[in-house]
$ cat entry_0.csv   # CSV, C-alpha atoms
chain,number,residue,atom,x,y,z
B,85,MET,CA,107.5,108.2,128.2
B,86,ALA,CA,106.7,107.2,124.7
B,87,PRO,CA,104.6,104.0,124.4
B,88,PRO,CA,106.5,100.9,123.4
B,89,PRO,CA,106.5,100.0,119.7
B,90,ARG,CA,103.9,97.4,118.8
B,91,SER,CA,104.3,94.3,116.7
B,92,GLY,CA,102.8,94.0,113.2
B,93,ASP,CA,100.6,91.2,114.4
B,94,ALA,CA,99.3,93.2,117.4
B,95,ILE,CA,98.4,96.1,115.2
B,96,PHE,CA,96.8,94.0,112.5
B,97,ALA,CA,94.7,92.2,115.1
B,98,ASN,CA,93.3,95.6,116.2
B,99,VAL,CA,92.7,97.5,113.0
B,100,ASP,CA,89.5,97.5,111.1
B,101,ARG,CA,89.8,94.9,108.5
B,102,VAL,CA,88.0,94.0,105.3
B,103,ASN,CA,87.6,91.0,103.1
B,104,ALA,CA,90.8,90.7,101.0
B,105,GLU,CA,88.8,89.6,97.9
B,106,LEU,CA,87.3,93.1,97.7
B,107,PHE,CA,90.7,94.7,97.8
B,108,THR,CA,92.3,92.2,95.4
B,109,LEU,CA,89.6,92.4,92.8
B,110,THR,CA,89.4,96.2,93.1
B,111,TYR,CA,93.1,96.5,92.5
B,112,GLY,CA,92.8,94.1,89.6
B,113,ALA,CA,89.9,96.1,88.1
B,114,ILE,CA,92.0,99.3,88.4
B,115,VAL,CA,95.0,97.7,86.6
B,116,ARG,CA,92.7,96.4,83.9
B,117,GLN,CA,91.1,99.8,83.5
B,118,LEU,CA,94.5,101.5,83.3
B,119,LEU,CA,95.6,99.0,80.6
B,120,THR,CA,92.5,100.0,78.6
B,121,ASP,CA,92.9,103.7,79.1
B,122,LEU,CA,96.6,104.1,78.8
B,123,GLU,CA,97.3,101.3,76.3
B,124,GLU,CA,101.1,101.3,76.9
B,125,VAL,CA,102.3,98.8,79.5
B,126,ASP,CA,105.2,101.1,80.5
B,127,GLU,CA,102.8,104.0,81.1
B,128,VAL,CA,100.6,101.7,83.3
B,129,ASN,CA,103.7,100.8,85.3
B,130,LYS,CA,104.5,104.5,85.8
B,131,GLN,CA,101.0,105.3,86.9
B,132,LEU,CA,100.7,102.4,89.3
B,133,ASP,CA,104.0,103.6,90.9
B,134,GLN,CA,102.6,107.2,91.1
B,135,MET,CA,99.4,106.0,92.7
B,136,GLY,CA,101.4,104.0,95.2
B,137,TYR,CA,103.6,107.0,95.9
B,138,ASN,CA,100.5,109.2,96.6
B,139,ILE,CA,99.2,106.5,98.9
B,140,GLY,CA,102.5,106.0,100.7
B,141,ILE,CA,102.9,109.7,101.6
B,142,ARG,CA,99.5,109.5,103.3
B,143,LEU,CA,99.8,106.1,104.8
B,144,ILE,CA,103.0,106.9,106.6
B,145,ASP,CA,101.0,108.9,109.2
B,146,GLU,CA,98.8,106.0,110.0
B,147,PHE,CA,101.8,103.7,110.2
B,148,LEU,CA,103.7,106.0,112.6
B,149,ALA,CA,100.6,106.7,114.7
B,150,LYS,CA,99.7,103.0,115.1
B,151,SER,CA,103.1,101.4,115.4
B,152,ASN,CA,104.8,103.7,117.9
B,153,VAL,CA,108.1,103.0,116.2
B,154,SER,CA,110.7,105.6,117.2
B,155,ASN,CA,113.5,106.8,114.9
B,156,CYS,CA,115.3,103.9,113.2
B,157,VAL,CA,119.0,104.0,113.9
B,158,ASP,CA,119.9,103.1,110.3
B,159,PHE,CA,118.5,101.9,107.0
B,160,LYS,CA,118.8,98.3,108.1
B,161,GLU,CA,116.4,98.9,110.9
B,162,THR,CA,114.1,100.8,108.6
B,163,ALA,CA,113.9,97.9,106.2
B,164,GLU,CA,113.2,95.5,108.9
B,165,VAL,CA,110.4,97.7,110.2
B,166,ILE,CA,108.8,98.0,106.8
B,167,ALA,CA,109.0,94.2,106.3
B,168,LYS,CA,107.9,93.1,109.7
B,169,VAL,CA,105.5,95.9,110.8
B,170,GLY,CA,104.5,97.8,107.6
B,171,PHE,CA,103.5,94.9,105.4
B,172,LYS,CA,101.9,93.1,108.3
B,173,MET,CA,99.7,95.9,109.6
B,174,PHE,CA,98.3,96.8,106.2
B,175,LEU,CA,98.3,93.6,104.1
B,176,GLY,CA,98.4,91.0,106.9
B,177,VAL,CA,101.5,89.3,105.5
B,178,THR,CA,105.1,89.3,106.7
B,179,ALA,CA,108.0,90.0,104.5
B,180,SER,CA,111.7,89.3,105.1
B,181,VAL,CA,114.8,91.3,104.4
B,182,THR,CA,118.0,89.9,102.8
B,183,ASN,CA,120.8,90.5,100.4
B,184,TRP,CA,122.4,93.5,102.0
B,185,ASP,CA,125.3,95.1,100.3
B,186,ALA,CA,128.4,96.0,102.2
B,187,GLU,CA,127.5,99.6,102.7
B,188,GLY,CA,124.1,98.7,104.2
B,189,THR,CA,122.3,100.9,101.7
B,190,THR,CA,120.8,98.3,99.4
B,191,CYS,CA,118.7,95.3,100.4
B,192,SER,CA,115.9,93.1,99.2
B,193,ILE,CA,112.4,92.7,100.7
B,194,ILE,CA,111.1,89.3,100.0
B,195,LEU,CA,107.4,88.7,99.9
B,196,GLU,CA,106.2,85.1,99.5
B,197,ASP,CA,102.5,85.7,100.1
B,198,ASN,CA,100.9,88.7,98.5
B,199,PRO,CA,97.2,89.3,98.6
B,200,LEU,CA,97.4,91.6,95.6
B,201,VAL,CA,97.9,88.7,93.2
B,202,ASP,CA,95.3,86.2,94.5
B,203,PHE,CA,93.4,85.0,91.4
B,204,VAL,CA,95.8,86.9,89.1
B,205,GLU,CA,97.3,85.6,85.9
B,206,LEU,CA,98.9,87.8,83.3
B,207,PRO,CA,98.0,87.4,79.7
B,208,ASP,CA,100.9,87.3,77.1
B,209,THR,CA,100.1,90.9,76.1
B,210,CYS,CA,101.0,92.2,79.5
B,211,GLN,CA,104.5,90.7,79.8
B,212,GLY,CA,106.2,94.0,80.6
B,213,LEU,CA,103.7,94.8,83.3
B,214,TYR,CA,104.9,95.2,86.9
B,215,TYR,CA,101.5,94.3,88.3
B,216,CYS,CA,102.5,95.1,91.9
B,217,ASN,CA,104.2,98.4,91.1
B,218,ILE,CA,101.8,100.1,93.4
B,219,LEU,CA,103.6,98.5,96.3
B,220,SER,CA,107.0,99.8,95.4
B,221,GLY,CA,105.4,103.2,95.0
B,222,VAL,CA,103.9,103.0,98.5
B,223,VAL,CA,107.2,102.1,100.1
B,224,ARG,CA,109.0,104.9,98.2
B,225,GLY,CA,106.4,107.5,99.1
B,226,ALA,CA,106.3,106.5,102.8
B,227,LEU,CA,110.1,106.6,103.0
B,228,GLU,CA,110.3,109.9,101.4
B,229,MET,CA,108.1,111.3,104.1
B,230,VAL,CA,110.7,110.2,106.7
B,231,SER,CA,113.5,111.9,104.8
B,232,MET,CA,114.8,108.9,102.8
B,233,LYS,CA,115.0,109.0,99.1
B,234,THR,CA,115.0,105.5,97.6
B,235,GLU,CA,115.0,103.8,94.3
B,236,ILE,CA,112.9,100.6,94.3
B,237,THR,CA,112.8,98.0,91.6
B,238,TRP,CA,111.3,94.5,91.2
B,239,VAL,CA,113.9,91.7,90.9
B,240,ARG,CA,111.6,88.8,91.2
B,241,ASP,CA,107.9,88.5,90.5
B,242,MET,CA,105.7,85.5,91.0
B,243,LEU,CA,103.4,86.6,88.1
B,244,ARG,CA,106.5,86.2,85.9
B,245,GLY,CA,107.2,82.7,87.1
B,246,ASP,CA,109.6,83.5,90.0
B,247,ASP,CA,109.3,81.7,93.3
B,248,ALA,CA,108.7,85.0,95.3
B,249,PHE,CA,108.4,88.7,95.0
B,250,GLU,CA,111.6,90.5,95.6
B,251,LEU,CA,111.8,94.3,95.9
B,252,ARG,CA,115.2,95.8,95.7
B,253,LEU,CA,115.5,98.9,97.9
B,254,LYS,CA,118.4,101.3,97.3
B,255,LEU,CA,118.9,104.2,99.7
B,256,LEU,CA,119.9,107.2,97.5
B,257,LYS,CA,120.2,109.8,100.1
B,258,GLN,CA,119.0,110.6,103.5
B,259,VAL,CA,117.8,114.2,103.7
B,260,PRO,CA,118.7,115.7,107.0
B,261,GLU,CA,115.6,116.7,108.9
B,262,GLU,CA,115.0,120.4,108.7
B,263,TYR,CA,113.2,122.4,111.3
B,264,PRO,CA,109.9,123.2,109.8
B,265,TYR,CA,109.8,126.5,111.7
B,266,LYS,CA,110.6,129.9,110.3
B,267,ASP,CA,112.4,132.6,112.3
B,268,ASP,CA,109.4,134.8,112.8
B,269,GLU,CA,107.2,132.1,114.3
O,285,MET,CA,87.1,83.3,107.9
O,286,GLY,CA,88.7,84.3,104.6
O,287,ARG,CA,91.8,86.4,104.2
O,288,GLU,CA,91.6,90.0,105.3
O,289,VAL,CA,93.5,93.2,104.8
O,290,SER,CA,93.5,96.4,106.7
O,291,GLU,CA,90.6,98.7,105.8
O,292,SER,CA,93.1,101.4,105.1
O,293,CYS,CA,94.2,99.4,102.0
O,294,ILE,CA,90.8,99.7,100.3
O,295,ASP,CA,90.2,103.2,101.5
O,296,SER,CA,93.5,104.3,100.1
O,297,LEU,CA,92.9,102.7,96.8
O,298,LEU,CA,89.5,104.3,96.5
O,299,THR,CA,90.7,107.8,97.4
O,300,GLU,CA,93.6,107.4,95.0
O,301,ILE,CA,91.5,106.3,92.0
O,302,VAL,CA,89.1,109.2,92.5
O,303,SER,CA,92.0,111.6,92.7
O,304,SER,CA,93.9,110.0,89.8
O,305,TYR,CA,91.0,110.0,87.4
O,306,THR,CA,89.7,113.5,88.4
O,307,THR,CA,93.0,115.4,88.7
O,308,ARG,CA,95.4,113.5,86.3
O,309,PHE,CA,93.7,111.4,83.7
O,310,TYR,CA,90.4,113.1,83.0
O,311,VAL,CA,90.9,116.7,84.2
O,312,ASN,CA,87.9,118.8,83.3
O,313,LYS,CA,86.0,115.7,82.1
O,314,PRO,CA,84.1,114.7,85.2
O,315,GLU,CA,81.5,112.7,83.3
O,316,LEU,CA,84.2,110.5,81.8
O,317,ALA,CA,86.0,110.1,85.2
O,318,ALA,CA,82.7,109.2,86.8
O,319,ARG,CA,81.9,106.6,84.1
O,320,THR,CA,85.4,105.1,84.4
O,321,ILE,CA,85.2,104.7,88.2
O,322,GLU,CA,81.7,103.2,87.8
O,323,ALA,CA,83.2,100.8,85.3
O,324,ILE,CA,85.9,99.7,87.7
O,325,GLY,CA,83.1,99.1,90.3
O,326,TYR,CA,81.1,97.2,87.8
O,327,GLN,CA,84.0,94.8,87.1
O,328,VAL,CA,84.4,94.2,90.9
O,329,GLY,CA,80.7,93.7,91.5
O,330,HIS,CA,80.4,91.3,88.6
O,331,GLN,CA,83.3,89.1,89.8
O,332,LEU,CA,82.3,89.2,93.5
O,333,SER,CA,78.7,88.2,92.8
O,334,GLU,CA,80.0,85.4,90.6
O,335,ARG,CA,82.0,84.1,93.6
O,336,TYR,CA,79.3,84.6,96.2
O,337,THR,CA,76.6,82.8,94.3
O,338,MET,CA,78.6,79.8,93.2
O,339,ASP,CA,76.9,77.4,95.6
O,340,ARG,CA,73.4,78.7,95.5
O,341,PRO,CA,70.4,78.0,93.4
O,342,ARG,CA,69.2,80.6,90.9
O,343,PHE,CA,67.1,83.4,92.2
O,344,SER,CA,63.5,83.0,91.4
O,345,ASP,CA,62.8,86.7,90.9
O,346,HIS,CA,64.2,90.2,91.1
O,347,LEU,CA,63.3,90.7,94.7
O,348,GLU,CA,65.2,87.5,95.7
O,349,ALA,CA,68.3,88.8,93.9
O,350,ILE,CA,68.0,92.2,95.5
O,351,LYS,CA,67.6,90.6,98.9
O,352,PHE,CA,70.7,88.7,98.3
O,353,ILE,CA,72.6,92.0,97.6
O,354,CYS,CA,71.1,93.5,100.8
O,355,LYS,CA,72.0,90.6,103.0
O,356,ASP,CA,74.8,88.2,102.0
O,357,PHE,CA,76.6,90.4,99.5
O,358,TRP,CA,76.6,93.5,101.6
O,359,SER,CA,77.7,91.5,104.7
O,360,GLU,CA,80.7,90.2,102.8
O,361,LEU,CA,81.7,93.7,101.8
O,362,PHE,CA,80.8,95.8,104.8
O,363,LYS,CA,80.2,93.3,107.7
O,364,LYS,CA,76.7,94.6,107.9
O,365,GLN,CA,73.4,94.3,106.0
O,366,ILE,CA,71.5,97.0,104.2
O,367,ASP,CA,69.3,98.6,106.8
O,368,ASN,CA,66.2,99.3,104.9
O,369,LEU,CA,64.8,98.1,101.5
O,370,LYS,CA,61.9,99.8,99.8
O,371,THR,CA,60.3,99.1,96.4
O,372,ASN,CA,57.5,100.6,94.3
O,373,HIS,CA,56.9,97.1,92.9
O,374,ARG,CA,57.5,98.4,89.5
O,375,GLY,CA,61.2,97.8,89.2
O,376,THR,CA,62.6,100.4,91.5
O,377,PHE,CA,64.4,99.5,94.7
O,378,VAL,CA,65.9,101.7,97.3
O,379,LEU,CA,68.7,100.1,99.4
O,380,GLN,CA,69.4,102.3,102.4
O,381,ASP,CA,72.6,101.9,104.4
O,382,ASN,CA,72.3,104.1,107.6
O,383,ARG,CA,76.1,104.3,108.0
O,384,PHE,CA,77.8,103.6,104.8
O,385,ARG,CA,81.4,102.7,105.6
O,386,TRP,CA,83.0,104.4,102.6
O,387,LEU,CA,81.4,107.7,103.6
O,388,SER,CA,82.1,107.5,107.3
O,389,ARG,CA,85.7,108.5,106.7
O,390,VAL,CA,84.9,111.2,104.2
O,391,SER,CA,85.4,114.3,106.2
O,392,ASN,CA,86.4,117.6,105.0
O,393,PRO,CA,90.0,118.1,106.0
O,394,VAL,CA,90.2,121.6,104.6
O,395,LEU,CA,87.0,122.8,106.4
O,396,ASP,CA,87.9,121.1,109.6
O,397,ASP,CA,91.3,122.7,109.5
O,398,LEU,CA,90.0,126.1,108.9
O,399,SER,CA,87.4,126.0,111.6
O,400,ALA,CA,89.8,124.6,114.1
O,401,LYS,CA,92.2,127.5,113.6
O,402,ASP,CA,89.8,130.3,113.7
O,403,PRO,CA,86.1,129.7,113.4
O,404,GLU,CA,85.3,133.4,113.4
O,405,ALA,CA,87.5,134.4,110.5
O,406,LEU,CA,86.6,131.4,108.4
O,407,ALA,CA,86.3,132.9,105.0
O,408,ARG,CA,82.9,132.0,103.8
O,409,ASN,CA,83.7,131.7,100.1
O,410,LYS,CA,86.7,129.5,100.8
O,411,ALA,CA,84.6,127.3,103.0
O,412,ALA,CA,81.9,127.1,100.3
O,413,LEU,CA,84.6,126.2,97.7
O,414,ALA,CA,86.1,123.5,99.9
O,415,GLU,CA,82.6,122.1,100.6
O,416,THR,CA,81.9,121.9,96.9
O,417,LYS,CA,85.2,120.2,96.3
O,418,ALA,CA,84.6,117.7,99.0
O,419,ALA,CA,81.1,117.1,97.8
O,420,GLN,CA,82.4,116.5,94.3
O,421,ALA,CA,85.0,114.0,95.6
O,422,THR,CA,82.2,112.2,97.5
O,423,SER,CA,79.9,111.9,94.6
O,424,MET,CA,82.7,110.8,92.4
O,425,LEU,CA,83.6,108.1,95.0
O,426,LEU,CA,80.0,106.9,95.1
O,427,ASN,CA,80.2,105.8,91.4
O,428,PHE,CA,82.3,102.9,92.7
O,429,PRO,CA,79.7,101.3,94.9
O,430,CYS,CA,77.0,102.1,92.4
O,431,GLY,CA,79.1,100.2,89.8
O,432,ILE,CA,79.6,97.3,92.2
O,433,ILE,CA,75.8,96.9,92.7
O,434,ARG,CA,75.1,97.2,89.0
O,435,GLY,CA,77.8,94.7,88.2
O,436,ALA,CA,76.6,92.3,90.8
O,437,LEU,CA,73.0,92.4,89.6
O,438,SER,CA,74.0,92.2,85.9
O,439,ASN,CA,75.9,89.0,86.7
O,440,LEU,CA,72.6,87.7,88.1
O,441,GLY,CA,70.9,88.5,84.8
O,442,ILE,CA,69.3,91.8,85.9
O,443,PRO,CA,70.3,94.8,83.8
O,444,CYS,CA,69.7,98.0,85.8
O,445,ALA,CA,70.8,101.6,86.5
O,446,VAL,CA,72.1,102.5,90.0
O,447,SER,CA,72.4,105.9,91.6
O,448,ALA,CA,73.2,107.1,95.1
O,449,ASP,CA,71.5,109.6,97.3
O,450,ILE,CA,73.4,111.1,100.2
O,451,SER,CA,71.0,113.9,101.2
O,452,ASN,CA,71.0,112.4,104.7
O,453,LEU,CA,74.6,111.7,105.6
O,454,PRO,CA,76.0,109.4,106.8
O,455,THR,CA,73.0,107.5,105.4
O,456,CYS,CA,73.4,106.5,101.8
O,457,SER,CA,70.6,105.2,99.7
O,458,PHE,CA,71.2,103.3,96.5
O,459,VAL,CA,68.4,103.6,94.0
O,460,VAL,CA,68.3,100.6,91.6
O,461,ARG,CA,66.1,100.9,88.6
O,462,ILE,CA,65.7,97.6,86.8
O,463,LYS,CA,65.5,97.9,83.0
O,464,ALA,CA,62.3,96.4,81.6
$ encode --input "entry_0.csv" --output "C-alpha cells"
Amino acid sequence: MAPPPRSGDAIFANVDRVNAELFTLTYGAIVRQLLTDLEEVDEVNKQLDQMGYNIGIRLIDEFLAKSNVSNCVDFKETAEVIAKVGFKMFLGVTASVTNWDAEGTTCSIILEDNPLVDFVELPDTCQGLYYCNILSGVVRGALEMVSMKTEITWVRDMLRGDDAFELRLKLLKQVPEEYPYKDDE
Amino acid sequence: MGREVSESCIDSLLTEIVSSYTTRFYVNKPELAARTIEAIGYQVGHQLSERYTMDRPRFSDHLEAIKFICKDFWSELFKKQIDNLKTNHRGTFVLQDNRFRWLSRVSNPVLDDLSAKDPEALARNKAALAETKAAQATSMLLNFPCGIIRGALSNLGIPCAVSADISNLPTCSFVVRIKA
C-alpha cells in the first residue's frame, strides 16, 4: 500500500533547511544582475519565468517523492496541494486558494508571506518588473511535468503596493498521460 | 532562530544560474559567465557580512576578520565552521571545508546513469566528456562561494582575490590572497 500523503508542515520539519537570508539575498542579487545584463525589464521578467520553469520541472520529482501525494482528482485539488504542501515544503510558508471560476479551471493562489521579498524595495526604474516571476515559472514547470498546461499571471504584488501576492492560475489543457513505452520494449 | 527555507531552494537557484549563464546568456564565453556568477556571489557576501557584523566591534587585523568568516559567517550559511585554516603569514589564507555542502550534491547524473546500465560497455570517450562537463559545471558553481567570501571580506575593508581548490573532493579549499 502506498504510504499516506504527508502534510506540508511535516515535510518542511524534516527537510534540510537553510538560512532564508542567504536564499533571499541570492535571489535579489540574481535579479539585480539580470537587470544589469539584460537592461529591458520585460526581458528580465521573461528570463525569471524561464529560470523558474527550469527549476519547476526538476523540483516536481522531489515534491512527489517527499509528499506521497497521489493523483489529484481535479484541478481544484491540485491547486490546494500546491498551496498547502508545495509552498510549505520549499519556502516554509502557506498559501491559500480562492476565486474559482464556474468551470473550476481558473483560481488564485494567495501568498501573504513571501520570503523572496524580505528586504526588497523596487526602485522607480523597475516598475514593470515582476520580481517574483520565478515562482510562477516554478509552478508552471512543475504542473507541466504532471500533464497540466497552465498560464500563470500575477494579479496582486506586495512590491507594487498590494496587500498580498496573488497568482492567477488558468488550466489551459490537461494532456492525457501517454504510456512512455514503445511497442518493441 | 531566523526564518528558514528548504535547502532545495538555494540548490535549485545555484544550479539554475550556472546553467542559465553558461548555456543561454554567455554561451561560449565561460570567462564572462564565471565573472558574472562571481559578481552575484560578491553582492550576497557583501550584504550578509554587513548584516552579521552589525553588532560587533571592528576587527583588529586581517586574521580576526578571516576567523570571523571561518566561524560565525560560515555557520550562518552552512551550519558548520570551516574545518581548517592555514596561512603563510604573508597575506594568503587557506580555508578548508572538509565537506562543502554545495558540492555534496554535485554528482554526475550522466556518468551514474551510464555505469548503472552497463558498466562494461560504458563508452570511455562519452564518460570522459561527461566528466569534463560535470567538472566545468562544478568549477563554474564555485565562483559563487568565492564571490561570497570576497564580498564579505571586502565589506570588512579587506580587498582580496579568492579561488577554490577541489582536488580532494568533497573537501573544498578556498584560497584567499589579500591585496597589499
$ closest_atom_pairs --input "entry_0.csv" --of "chain B" --to "chain O" --cutoff "10 Å" --atoms "all atoms listed in the file" --output "Markdown table"
| residue | atom | partner | partner_atom | distance |
| --- | --- | --- | --- | --- |
| B:Ile95 | CA | O:Ser290 | CA | 9.8 |
| B:Phe96 | CA | O:Ser290 | CA | 7.1 |
| B:Ala97 | CA | O:Ser290 | CA | 9.5 |
| B:Asn98 | CA | O:Ser290 | CA | 9.5 |
| B:Val99 | CA | O:Ser290 | CA | 6.4 |
| B:Asp100 | CA | O:Glu291 | CA | 5.5 |
| B:Arg101 | CA | O:Ser290 | CA | 4.4 |
| B:Val102 | CA | O:Glu288 | CA | 5.4 |
| B:Asn103 | CA | O:Glu288 | CA | 4.7 |
| B:Ala104 | CA | O:Glu288 | CA | 4.4 |
| B:Glu105 | CA | O:Arg287 | CA | 7.7 |
| B:Leu106 | CA | O:Leu361 | CA | 7.0 |
| B:Phe107 | CA | O:Ile294 | CA | 5.6 |
| B:Thr108 | CA | O:Ile294 | CA | 9.1 |
| B:Leu109 | CA | O:Val328 | CA | 5.8 |
| B:Thr110 | CA | O:Val328 | CA | 5.8 |
| B:Tyr111 | CA | O:Leu297 | CA | 7.5 |
| B:Gly112 | CA | O:Val328 | CA | 8.5 |
| B:Ala113 | CA | O:Ile324 | CA | 5.4 |
| B:Ile114 | CA | O:Ile324 | CA | 6.2 |
| B:Val115 | CA | O:Ile324 | CA | 9.4 |
| B:Arg116 | CA | O:Ile324 | CA | 8.5 |
| B:Gln117 | CA | O:Ile324 | CA | 6.7 |
| B:Leu118 | CA | O:Ile324 | CA | 9.8 |
| B:Asp121 | CA | O:Phe309 | CA | 9.0 |
| B:Leu122 | CA | O:Phe309 | CA | 9.3 |
| B:Gln131 | CA | O:Ser304 | CA | 9.0 |
| B:Gln134 | CA | O:Ser304 | CA | 9.2 |
| B:Met135 | CA | O:Glu300 | CA | 6.4 |
| B:Gly136 | CA | O:Glu300 | CA | 8.5 |
| B:Asn138 | CA | O:Glu300 | CA | 7.3 |
| B:Ile139 | CA | O:Ser296 | CA | 6.2 |
| B:Gly140 | CA | O:Ser296 | CA | 9.2 |
| B:Arg142 | CA | O:Ser296 | CA | 8.6 |
| B:Leu143 | CA | O:Ser296 | CA | 8.1 |
| B:Glu146 | CA | O:Ser292 | CA | 8.8 |
| B:Lys172 | CA | O:Val289 | CA | 9.1 |
| B:Met173 | CA | O:Ser290 | CA | 6.9 |
| B:Phe174 | CA | O:Ser290 | CA | 4.8 |
| B:Leu175 | CA | O:Val289 | CA | 4.9 |
| B:Gly176 | CA | O:Val289 | CA | 5.8 |
| B:Val177 | CA | O:Val289 | CA | 8.9 |
| B:Pro199 | CA | O:Val289 | CA | 8.2 |
| B:Ile218 | CA | O:Leu297 | CA | 9.9 |
$ closest_residue --input "entry_0.csv" --among "O:Thr337, O:Leu369, O:Gln420, O:Ala412" --to "O:Ala317" --atoms "all atoms listed in the file"
O:Gln420
$ atom_distance --input "entry_0.csv" --atom1 "atom CA of O:Phe377" --atom2 "atom CA of O:Ile462"
8.2 Å
$ residues_around --input "entry_0.csv" --residues "B:Leu213" --least-positions-apart "2" --cutoff "8 Å" --atoms "all atoms listed in the file" --output "number ranges by chain"
B: 125-126, 128-129, 210-211, 215
$ write_last_selection --input "entry_0.csv" --atoms "C-alpha atoms" --output "JSON list (two decimals), in the frame of the given file"
[["chain", "number", "residue", "atom", "x", "y", "z"],
["B", 125, "VAL", "CA", 102.30, 98.80, 79.50],
["B", 126, "ASP", "CA", 105.20, 101.10, 80.50],
["B", 128, "VAL", "CA", 100.60, 101.70, 83.30],
["B", 129, "ASN", "CA", 103.70, 100.80, 85.30],
["B", 210, "CYS", "CA", 101.00, 92.20, 79.50],
["B", 211, "GLN", "CA", 104.50, 90.70, 79.80],
["B", 215, "TYR", "CA", 101.50, 94.30, 88.30]]
$ closest_atom_pairs --input "entry_0.csv" --of "stretch 145-209 of chain B" --to "stretch 236-252 of chain B" --cutoff "12 Å" --atoms "all atoms listed in the file" --output "JSON lines"
{"residue": "B:Ala163", "atom": "CA", "partner": "B:Arg252", "partner_atom": "CA", "distance": 10.8}
{"residue": "B:Ile166", "atom": "CA", "partner": "B:Leu251", "partner_atom": "CA", "distance": 11.9}
{"residue": "B:Ala167", "atom": "CA", "partner": "B:Leu251", "partner_atom": "CA", "distance": 10.8}
{"residue": "B:Ala179", "atom": "CA", "partner": "B:Phe249", "partner_atom": "CA", "distance": 9.6}
{"residue": "B:Ser180", "atom": "CA", "partner": "B:Glu250", "partner_atom": "CA", "distance": 9.6}
{"residue": "B:Val181", "atom": "CA", "partner": "B:Glu250", "partner_atom": "CA", "distance": 9.4}
{"residue": "B:Thr182", "atom": "CA", "partner": "B:Arg252", "partner_atom": "CA", "distance": 9.6}
{"residue": "B:Asn183", "atom": "CA", "partner": "B:Arg252", "partner_atom": "CA", "distance": 9.0}
{"residue": "B:Trp184", "atom": "CA", "partner": "B:Arg252", "partner_atom": "CA", "distance": 9.8}
{"residue": "B:Asp185", "atom": "CA", "partner": "B:Arg252", "partner_atom": "CA", "distance": 11.1}
{"residue": "B:Thr189", "atom": "CA", "partner": "B:Arg252", "partner_atom": "CA", "distance": 10.6}
{"residue": "B:Thr190", "atom": "CA", "partner": "B:Arg252", "partner_atom": "CA", "distance": 7.2}
{"residue": "B:Cys191", "atom": "CA", "partner": "B:Arg252", "partner_atom": "CA", "distance": 5.9}
{"residue": "B:Ser192", "atom": "CA", "partner": "B:Arg252", "partner_atom": "CA", "distance": 4.5}
{"residue": "B:Ile193", "atom": "CA", "partner": "B:Leu251", "partner_atom": "CA", "distance": 5.1}
{"residue": "B:Ile194", "atom": "CA", "partner": "B:Glu250", "partner_atom": "CA", "distance": 4.6}
{"residue": "B:Leu195", "atom": "CA", "partner": "B:Phe249", "partner_atom": "CA", "distance": 5.0}
{"residue": "B:Glu196", "atom": "CA", "partner": "B:Ala248", "partner_atom": "CA", "distance": 4.9}
{"residue": "B:Asp197", "atom": "CA", "partner": "B:Ala248", "partner_atom": "CA", "distance": 7.9}
{"residue": "B:Asn198", "atom": "CA", "partner": "B:Phe249", "partner_atom": "CA", "distance": 8.3}
{"residue": "B:Pro199", "atom": "CA", "partner": "B:Phe249", "partner_atom": "CA", "distance": 11.8}
{"residue": "B:Leu200", "atom": "CA", "partner": "B:Leu243", "partner_atom": "CA", "distance": 10.8}
{"residue": "B:Val201", "atom": "CA", "partner": "B:Leu243", "partner_atom": "CA", "distance": 7.8}
{"residue": "B:Asp202", "atom": "CA", "partner": "B:Leu243", "partner_atom": "CA", "distance": 10.3}
{"residue": "B:Phe203", "atom": "CA", "partner": "B:Leu243", "partner_atom": "CA", "distance": 10.7}
{"residue": "B:Val204", "atom": "CA", "partner": "B:Leu243", "partner_atom": "CA", "distance": 7.7}
{"residue": "B:Glu205", "atom": "CA", "partner": "B:Leu243", "partner_atom": "CA", "distance": 6.6}
{"residue": "B:Leu206", "atom": "CA", "partner": "B:Leu243", "partner_atom": "CA", "distance": 6.7}
{"residue": "B:Pro207", "atom": "CA", "partner": "B:Leu243", "partner_atom": "CA", "distance": 10.0}
{"residue": "B:Asp208", "atom": "CA", "partner": "B:Arg244", "partner_atom": "CA", "distance": 10.5}
$ write_last_selection --input "entry_0.csv" --atoms "C-alpha atoms" --output "short mmCIF file (atom, residue, chain, number, x, y, z; two decimals), keeping the file's coordinate frame"
data_model
loop_
_atom_site.label_atom_id
_atom_site.label_comp_id
_atom_site.auth_asym_id
_atom_site.auth_seq_id
_atom_site.Cartn_x
_atom_site.Cartn_y
_atom_site.Cartn_z
CA ALA B 163 113.90 97.90 106.20
CA ILE B 166 108.80 98.00 106.80
CA ALA B 167 109.00 94.20 106.30
CA ALA B 179 108.00 90.00 104.50
CA SER B 180 111.70 89.30 105.10
CA VAL B 181 114.80 91.30 104.40
CA THR B 182 118.00 89.90 102.80
CA ASN B 183 120.80 90.50 100.40
CA TRP B 184 122.40 93.50 102.00
CA ASP B 185 125.30 95.10 100.30
CA THR B 189 122.30 100.90 101.70
CA THR B 190 120.80 98.30 99.40
CA CYS B 191 118.70 95.30 100.40
CA SER B 192 115.90 93.10 99.20
CA ILE B 193 112.40 92.70 100.70
CA ILE B 194 111.10 89.30 100.00
CA LEU B 195 107.40 88.70 99.90
CA GLU B 196 106.20 85.10 99.50
CA ASP B 197 102.50 85.70 100.10
CA ASN B 198 100.90 88.70 98.50
CA PRO B 199 97.20 89.30 98.60
CA LEU B 200 97.40 91.60 95.60
CA VAL B 201 97.90 88.70 93.20
CA ASP B 202 95.30 86.20 94.50
CA PHE B 203 93.40 85.00 91.40
CA VAL B 204 95.80 86.90 89.10
CA GLU B 205 97.30 85.60 85.90
CA LEU B 206 98.90 87.80 83.30
CA PRO B 207 98.00 87.40 79.70
CA ASP B 208 100.90 87.30 77.10
#
$ atom_distance --input "entry_0.csv" --atom1 "atom CA of O:Lys463" --atom2 "atom CA of O:Thr371"
14.4 Å
$ atom_distance --input "entry_0.csv" --atom1 "atom CA of B:Lys257" --atom2 "atom CA of B:Asp158"
12.2 Å
$ closest_residue --input "entry_0.csv" --among "B:Val165, B:Phe171, B:Ile141, B:Arg224" --to "B:Val153" --atoms "only C-alpha atoms"
B:Val165
